[in-house]
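A.B. asks: Got a structure for you, written out below as structure tokens; questions coming shortly.
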Amino acid sequence: MSPYALADQAAARLAELTGVAQHDVALVLGSGWLPAVDALGEATAEINTTDLPGFSAAAVAGHSGKIRSIKAGDRQLLVFLSRTHYYEGKGVAAVVHGVRTAAAAGCRAIVLTNGCGGLRESWTPGTPVLISDHINLTGKSPIEGANFVDLTDLYSSRLRAMCREVEPTLDEGVYVQFPGPHYETPAEVRMAGVIGGNLVGMSTTLEAIAAREAGMEILGISLVTNLAAGISGEPLNHAEVLEAGKAAASRMGALLGRIVPRI
Ligand code: 8IG
């Protein structure tokens with residue numbers, strides 16, 4: 001079955017299980033963003049991703065394989081509380097299946113969030129940064145065949161401007177996706193800076209490409225949970241990274257709570 005047909009099936013089952021025929025805006029919550037979900041509004045349904053065709057179980061501690069349908073004003077939000085990462089080795093189609101399911105469920109816009117390392121020392125742990133563009137170092141595409149999708153303004157300048165109206169202190173940066181699951185070496189972080197990157201992480205770019213292919217408007221927001229390797233001289237620690245996310249959670253909830261209704 002094609003990945004698009006599988007996404008159609010997942011969207012049909014999602015509509016049955018949530019009782020919601022059409023969703024409007026999708027959100028994918030990355031590391032550190034999970035506690036922000038409660039600020040988005042009342043959940044009308046919560047299901048396990050594994051109840052839908054094409055999803056497999058979540059693999060990482062601190063990632064929860066659930067999808068929430070949330071009524072926020074006149075919008076119905078589809079919130080993925082976790083994502084499938086490229087480094088899980090399930091293939092690129094598995095990484096973007098949630099995005100394609102959201103598109104098939106009716107979503108016209110998607111908010112992709114992540115936790116990442118920052119290259120600027122002023123971005124202390126807990127700083128949110130708007131993604132202005134990306135560099136995809138996985139060497140992969142979610143698109144198969146001769147479909148030459150344009151990626152100009154991939155991360156909507158309209159939505160970024162709206163975010164800065166809501167929160168004028170928000171910085172922007174170029175997100176560099178490494179394959180992971182190991183963190184970068186200090187030399188790789190320096191390379192990311194030399195080629196124009198400001199943020200390093202292990203997600204988001206393949207999903208953004210699939211979302212553009214599906215015609216969705218995309219907002220990307222990174223939460224800098226740590227300075228990238230070699231910037232501070234301290235080693236990286238997954239537990240500390242999760243802790244920084246927790247500490248920032250209420251602020252990220254407030255941020256999303258103000259941004260999402262205006263998308
Ligand atoms: I949270 O410093 C988080 N995810 N590649 N590098 C990469 N991924 C990350 C990092 C980081 N922090």
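Ligands are numbered from 1 in the order shown, residues from 1 within each chain, and chains are lettered A, B, ... in the order they appear in the structure tokens.
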Excluding Leu81 of chain A and any residue of its chain fewer than 2 positions from it, enumerate the residues within 12 Å of it, using only C-alpha atoms, and give them as a PyMOL selection string.
C.D. replies: chain A and resi 26-38+46-49+58+62-69+78-79+83-84+98+112-114
A.B. asks: Neighbours of Val95 of chain A within 9 Å (only C-alpha atoms; same-chain residues fewer than 6 positions away dropped), as a PDB file with N, CA and C atoms, in the first residue's frame?
C.D. replies:
ATOM      1  N   ARG A  83       6.810  11.559  18.570  1.00  0.00           N
ATOM      2  CA  ARG A  83       7.031  11.324  17.139  1.00  0.00           C
ATOM      3  C   ARG A  83       7.899  10.086  16.975  1.00  0.00           C
ATOM      4  N   THR A  84       7.918   9.563  15.756  1.00  0.00           N
ATOM      5  CA  THR A  84       8.878   8.517  15.396  1.00  0.00           C
ATOM      6  C   THR A  84      10.122   9.220  14.851  1.00  0.00           C
ATOM      7  N   HIS A  85      11.275   8.862  15.413  1.00  0.00           N
ATOM      8  CA  HIS A  85      12.526   9.492  14.980  1.00  0.00           C
ATOM      9  C   HIS A  85      13.228   8.655  13.912  1.00  0.00           C
ATOM     10  N   TYR A  86      13.944   9.350  13.057  1.00  0.00           N
ATOM     11  CA  TYR A  86      14.728   8.696  12.006  1.00  0.00           C
ATOM     12  C   TYR A  86      15.677   7.652  12.597  1.00  0.00           C
ATOM     13  N   GLU A  88      15.376   5.632  14.881  1.00  0.00           N
ATOM     14  CA  GLU A  88      14.792   4.351  15.293  1.00  0.00           C
ATOM     15  C   GLU A  88      14.950   3.285  14.213  1.00  0.00           C
ATOM     16  N   PRO A 142      11.474  12.065   2.352  1.00  0.00           N
ATOM     17  CA  PRO A 142      10.258  11.259   2.501  1.00  0.00           C
ATOM     18  C   PRO A 142       9.537  11.060   1.166  1.00  0.00           C
ATOM     19  N   SER A 203      15.388  15.613  14.444  1.00  0.00           N
ATOM     20  CA  SER A 203      14.017  15.431  13.948  1.00  0.00           C
ATOM     21  C   SER A 203      13.649  16.548  12.991  1.00  0.00           C
ATOM     22  N   LEU A 206      12.516  16.048   7.960  1.00  0.00           N
ATOM     23  CA  LEU A 206      11.812  15.120   7.067  1.00  0.00           C
ATOM     24  C   LEU A 206      10.304  15.336   7.171  1.00  0.00           C
ATOM     25  N   GLU A 207       9.848  15.649   8.398  1.00  0.00           N
ATOM     26  CA  GLU A 207       8.416  15.917   8.599  1.00  0.00           C
ATOM     27  C   GLU A 207       8.006  17.197   7.883  1.00  0.00           C
TER      28      GLU A 207
END
A.B. asks: Would you mind telling me which residue in A:Gly73, A:Gly91, A:Pro235, A:Gly173 lies nearest to ligand 1 when using only C-alpha atoms and all ligand atoms?
C.D. replies: A:Pro235
A.B. asks: Could you report the residues within 8 Å of ligand 1, using only C-alpha atoms and all ligand atoms, as a PDB file with N, CA and C atoms, in the first residue's frame?
C.D. replies:
ATOM      1  N   SER A  31      10.859  16.788  22.446  1.00  0.00           N
ATOM      2  CA  SER A  31      11.419  16.709  23.801  1.00  0.00           C
ATOM      3  C   SER A  31      11.223  18.038  24.517  1.00  0.00           C
ATOM      4  N   GLY A  32      10.655  17.954  25.720  1.00  0.00           N
ATOM      5  CA  GLY A  32      10.480  19.153  26.520  1.00  0.00           C
ATOM      6  C   GLY A  32       9.146  19.850  26.314  1.00  0.00           C
ATOM      7  N   ASN A 114      10.455  20.767  18.671  1.00  0.00           N
ATOM      8  CA  ASN A 114      11.513  19.821  19.042  1.00  0.00           C
ATOM      9  C   ASN A 114      12.341  20.394  20.186  1.00  0.00           C
ATOM     10  N   GLY A 115      13.109  19.510  20.795  1.00  0.00           N
ATOM     11  CA  GLY A 115      14.153  19.941  21.715  1.00  0.00           C
ATOM     12  C   GLY A 115      15.458  19.818  20.969  1.00  0.00           C
ATOM     13  N   CYS A 116      16.379  20.715  21.178  1.00  0.00           N
ATOM     14  CA  CYS A 116      17.600  20.674  20.364  1.00  0.00           C
ATOM     15  C   CYS A 116      18.762  21.317  21.100  1.00  0.00           C
ATOM     16  N   GLY A 117      19.920  21.240  20.490  1.00  0.00           N
ATOM     17  CA  GLY A 117      21.097  21.929  20.993  1.00  0.00           C
ATOM     18  C   GLY A 117      21.225  23.268  20.291  1.00  0.00           C
ATOM     19  N   GLY A 118      21.717  24.262  21.010  1.00  0.00           N
ATOM     20  CA  GLY A 118      21.876  25.601  20.439  1.00  0.00           C
ATOM     21  C   GLY A 118      23.346  25.953  20.249  1.00  0.00           C
ATOM     22  N   GLN A 177      19.403  19.036  11.001  1.00  0.00           N
ATOM     23  CA  GLN A 177      19.093  17.678  11.478  1.00  0.00           C
ATOM     24  C   GLN A 177      20.235  16.727  11.178  1.00  0.00           C
ATOM     25  N   PHE A 178      20.791  16.170  12.257  1.00  0.00           N
ATOM     26  CA  PHE A 178      21.750  15.071  12.162  1.00  0.00           C
ATOM     27  C   PHE A 178      20.974  13.761  12.310  1.00  0.00           C
ATOM     28  N   PRO A 179      21.533  12.649  11.813  1.00  0.00           N
ATOM     29  CA  PRO A 179      20.796  11.378  11.917  1.00  0.00           C
ATOM     30  C   PRO A 179      20.647  10.872  13.358  1.00  0.00           C
ATOM     31  N   GLY A 180      21.641  11.154  14.241  1.00  0.00           N
ATOM     32  CA  GLY A 180      21.606  10.622  15.589  1.00  0.00           C
ATOM     33  C   GLY A 180      21.746   9.115  15.583  1.00  0.00           C
ATOM     34  N   PRO A 181      21.461   8.407  16.703  1.00  0.00           N
ATOM     35  CA  PRO A 181      21.016   8.942  17.990  1.00  0.00           C
ATOM     36  C   PRO A 181      22.143   9.510  18.858  1.00  0.00           C
ATOM     37  N   HIS A 182      23.371   9.353  18.459  1.00  0.00           N
ATOM     38  CA  HIS A 182      24.440   9.999  19.235  1.00  0.00           C
ATOM     39  C   HIS A 182      24.356  11.508  19.013  1.00  0.00           C
ATOM     40  N   TYR A 183      24.771  12.266  20.007  1.00  0.00           N
ATOM     41  CA  TYR A 183      24.907  13.705  19.820  1.00  0.00           C
ATOM     42  C   TYR A 183      26.129  13.963  18.932  1.00  0.00           C
ATOM     43  N   GLU A 184      26.234  15.187  18.440  1.00  0.00           N
ATOM     44  CA  GLU A 184      27.336  15.551  17.551  1.00  0.00           C
ATOM     45  C   GLU A 184      28.653  15.612  18.325  1.00  0.00           C
ATOM     46  N   VAL A 200      20.960  22.325  16.486  1.00  0.00           N
ATOM     47  CA  VAL A 200      21.217  20.954  16.038  1.00  0.00           C
ATOM     48  C   VAL A 200      20.261  19.996  16.730  1.00  0.00           C
ATOM     49  N   GLY A 201      19.701  19.084  15.944  1.00  0.00           N
ATOM     50  CA  GLY A 201      18.748  18.133  16.497  1.00  0.00           C
ATOM     51  C   GLY A 201      18.615  16.898  15.639  1.00  0.00           C
ATOM     52  N   MET A 202      17.635  16.055  15.990  1.00  0.00           N
ATOM     53  CA  MET A 202      17.491  14.745  15.343  1.00  0.00           C
ATOM     54  C   MET A 202      16.089  14.527  14.778  1.00  0.00           C
ATOM     55  N   SER A 203      15.388  15.613  14.444  1.00  0.00           N
ATOM     56  CA  SER A 203      14.017  15.431  13.948  1.00  0.00           C
ATOM     57  C   SER A 203      13.649  16.548  12.991  1.00  0.00           C
ATOM     58  N   LEU A 223      12.971  24.165  21.073  1.00  0.00           N
ATOM     59  CA  LEU A 223      13.287  24.536  22.450  1.00  0.00           C
ATOM     60  C   LEU A 223      14.757  24.165  22.669  1.00  0.00           C
ATOM     61  N   VAL A 224      15.583  25.162  22.869  1.00  0.00           N
ATOM     62  CA  VAL A 224      16.995  24.869  23.134  1.00  0.00           C
ATOM     63  C   VAL A 224      17.089  24.330  24.558  1.00  0.00           C
ATOM     64  N   THR A 225      17.413  23.041  24.678  1.00  0.00           N
ATOM     65  CA  THR A 225      17.482  22.441  26.014  1.00  0.00           C
ATOM     66  C   THR A 225      18.927  22.333  26.495  1.00  0.00           C
ATOM     67  N   ASN A 226      19.853  22.530  25.570  1.00  0.00           N
ATOM     68  CA  ASN A 226      21.278  22.450  25.938  1.00  0.00           C
ATOM     69  C   ASN A 226      22.100  23.213  24.921  1.00  0.00           C
ATOM     70  N   LEU A 227      23.244  23.689  25.350  1.00  0.00           N
ATOM     71  CA  LEU A 227      24.209  24.219  24.382  1.00  0.00           C
ATOM     72  C   LEU A 227      24.779  23.022  23.631  1.00  0.00           C
ATOM     73  N   ALA A 228      24.921  23.138  22.308  1.00  0.00           N
ATOM     74  CA  ALA A 228      25.434  22.041  21.497  1.00  0.00           C
ATOM     75  C   ALA A 228      26.838  21.656  21.964  1.00  0.00           C
ATOM     76  N   ALA A 229      27.216  20.403  21.687  1.00  0.00           N
ATOM     77  CA  ALA A 229      28.485  19.862  22.190  1.00  0.00           C
ATOM     78  C   ALA A 229      29.663  20.762  21.826  1.00  0.00           C
ATOM     79  N   LEU A 236      27.144  16.370  27.269  1.00  0.00           N
ATOM     80  CA  LEU A 236      25.679  16.348  27.206  1.00  0.00           C
ATOM     81  C   LEU A 236      25.152  15.124  27.933  1.00  0.00           C
ATOM     82  N   HIS A 238      21.344  13.082  28.657  1.00  0.00           N
ATOM     83  CA  HIS A 238      19.931  13.020  28.250  1.00  0.00           C
ATOM     84  C   HIS A 238      18.996  13.405  29.396  1.00  0.00           C
ATOM     85  N   VAL A 241      18.933  17.072  29.769  1.00  0.00           N
ATOM     86  CA  VAL A 241      18.205  17.647  28.638  1.00  0.00           C
ATOM     87  C   VAL A 241      16.701  17.593  28.919  1.00  0.00           C
ATOM     88  N   LEU A 242      16.219  16.458  29.422  1.00  0.00           N
ATOM     89  CA  LEU A 242      14.794  16.316  29.750  1.00  0.00           C
ATOM     90  C   LEU A 242      14.416  17.279  30.877  1.00  0.00           C
ATOM     91  N   GLY A 245      13.865  20.726  29.717  1.00  0.00           N
ATOM     92  CA  GLY A 245      12.563  20.783  29.054  1.00  0.00           C
ATOM     93  C   GLY A 245      11.455  20.966  30.065  1.00  0.00           C
TER      94      GLY A 245
END
A.B. asks: Between A:Arg13, A:Phe80, A:Ile70, A:Val149, which residue has the minimum interatomic distance to Asp51 of chain A, considering only C-alpha atoms?
C.D. replies: A:Arg13
A.B. asks: Identify which of the residues A:Ala94, A:Ile221, A:Ala105, A:Ala239 lies closest to Gly54 of chain A, counting only C-alpha atoms when measuring atom-to-atom distances.
C.D. replies: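 Under the stated criterion, the closest residue is A:Ala94.
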A.B. asks: Segment 127-140 of chain A: which residues within 8 Å, counting only C-alpha atoms, same-chain residues fewer than 3 positions away excluded, as a ChimeraX atom specification?
C.D. replies: /A:92,123-124,153-155,157,160,170-179,197,205-206,219-225,248,252
A.B. asks: Enumerate as a PyMOL selection string all residues of segment 34-226 of chain A assigned to alpha helix (DSSP H) by DSSP on the backbone, naming them with the chain letters and numbers the document uses.
C.D. replies: chain A and resi 92-104+157-166+186-194+205-213
A.B. asks: Restricting the calculation to only C-alpha atoms, which member of A:Gly106, A:Pro53, A:Pro186, A:Gly41 is positioned closest to Lys71 of chain A?
C.D. replies: A:Gly41
A.B. asks: For the strand (DSSP E or B) assignment from backbone DSSP, which residues of segment 138-211 of chain A qualify? Please present them as a ChimeraX atom specification.
C.D. replies: /A:171-177,199-201
A.B. asks: At what distance in Å, to one decimal, does atom CA of Arg100 of chain A lie from atom CA of Glu213 of chain A?
C.D. replies: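 Distance between the two atoms: 9.3 Å.
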A.B. asks: For Asp24 of chain A, find every residue with an atom within 9 Å (counting only C-alpha atoms), except residues of its own chain fewer than 3 positions away, and show them as a ChimeraX atom specification.
C.D. replies: /A:75-78,102,105-110
A.B. asks: Enter the distance from atom CA of Ala254 of chain A to atom CA of Ala39 of chain A, in Å, rounded to one decimal.
C.D. replies: 6.4 Å
A.B. asks: Give me the residues near Ala10 of chain A as a list in words, where near means some atom within 7 Å (using only C-alpha atoms) and where sequence neighbours in that chain fewer than 4 positions away do not count.
C.D. replies: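 Listed by chain and then number, they are Leu6, Leu14, Leu52, Pro53 and Thr101 of chain A.
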A.B. asks: Next, dump the selected residues to file, keeping only all heavy atoms, as a compact mmCIF listing (two decimals), in the first residue's frame.
C.D. replies:
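Generated file (again.txt):
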# COMPACT_ATOMS: atom_id res chain seq x y z
N LEU A 6 -2.12 4.57 3.19
CA LEU A 6 -2.04 4.16 4.61
C LEU A 6 -2.43 5.34 5.51
O LEU A 6 -3.14 5.16 6.51
CB LEU A 6 -0.61 3.69 4.92
CG LEU A 6 -0.38 3.03 6.28
CD1 LEU A 6 -1.25 1.79 6.47
CD2 LEU A 6 1.10 2.67 6.46
N LEU A 14 -8.91 7.45 12.80
CA LEU A 14 -8.81 8.57 13.75
C LEU A 14 -10.16 9.27 13.89
O LEU A 14 -10.60 9.58 15.01
CB LEU A 14 -7.76 9.58 13.25
CG LEU A 14 -7.60 10.85 14.07
CD1 LEU A 14 -6.78 10.57 15.34
CD2 LEU A 14 -6.91 11.95 13.25
N LEU A 52 -4.00 3.19 15.43
CA LEU A 52 -4.20 3.61 14.05
C LEU A 52 -3.30 2.81 13.11
O LEU A 52 -2.17 2.49 13.47
CB LEU A 52 -3.85 5.10 13.88
CG LEU A 52 -4.61 6.10 14.76
CD1 LEU A 52 -4.15 7.52 14.45
CD2 LEU A 52 -6.11 5.97 14.56
N PRO A 53 -3.77 2.52 11.89
CA PRO A 53 -2.94 1.80 10.94
C PRO A 53 -1.63 2.54 10.65
O PRO A 53 -1.63 3.77 10.51
CB PRO A 53 -3.81 1.77 9.66
CG PRO A 53 -5.21 1.97 10.14
CD PRO A 53 -5.12 2.80 11.38
N THR A 101 -0.86 11.55 8.05
CA THR A 101 -2.16 11.26 8.65
C THR A 101 -2.87 12.57 9.01
O THR A 101 -4.08 12.71 8.78
CB THR A 101 -1.97 10.38 9.90
OG1 THR A 101 -1.41 9.13 9.49
CG2 THR A 101 -3.29 10.14 10.62
A.B. asks: What does the structure give for the distance between atom CA of Glu144 of chain A and atom CA of Ile218 of chain A, in Å to one decimal?
C.D. replies: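 Rounded to one decimal, the two atoms are 20.8 Å apart.
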A.B. asks: Let me make sure I understand: among A:Ala208, A:Thr18, A:Pro125, A:Asp8, which one has the smallest atom-to-atom distance to Ala244 of chain A if we use only C-alpha atoms?
C.D. replies: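 Among A:Ala208, A:Thr18, A:Pro125, A:Asp8, it is A:Pro125 that comes nearest to Ala244 of chain A.
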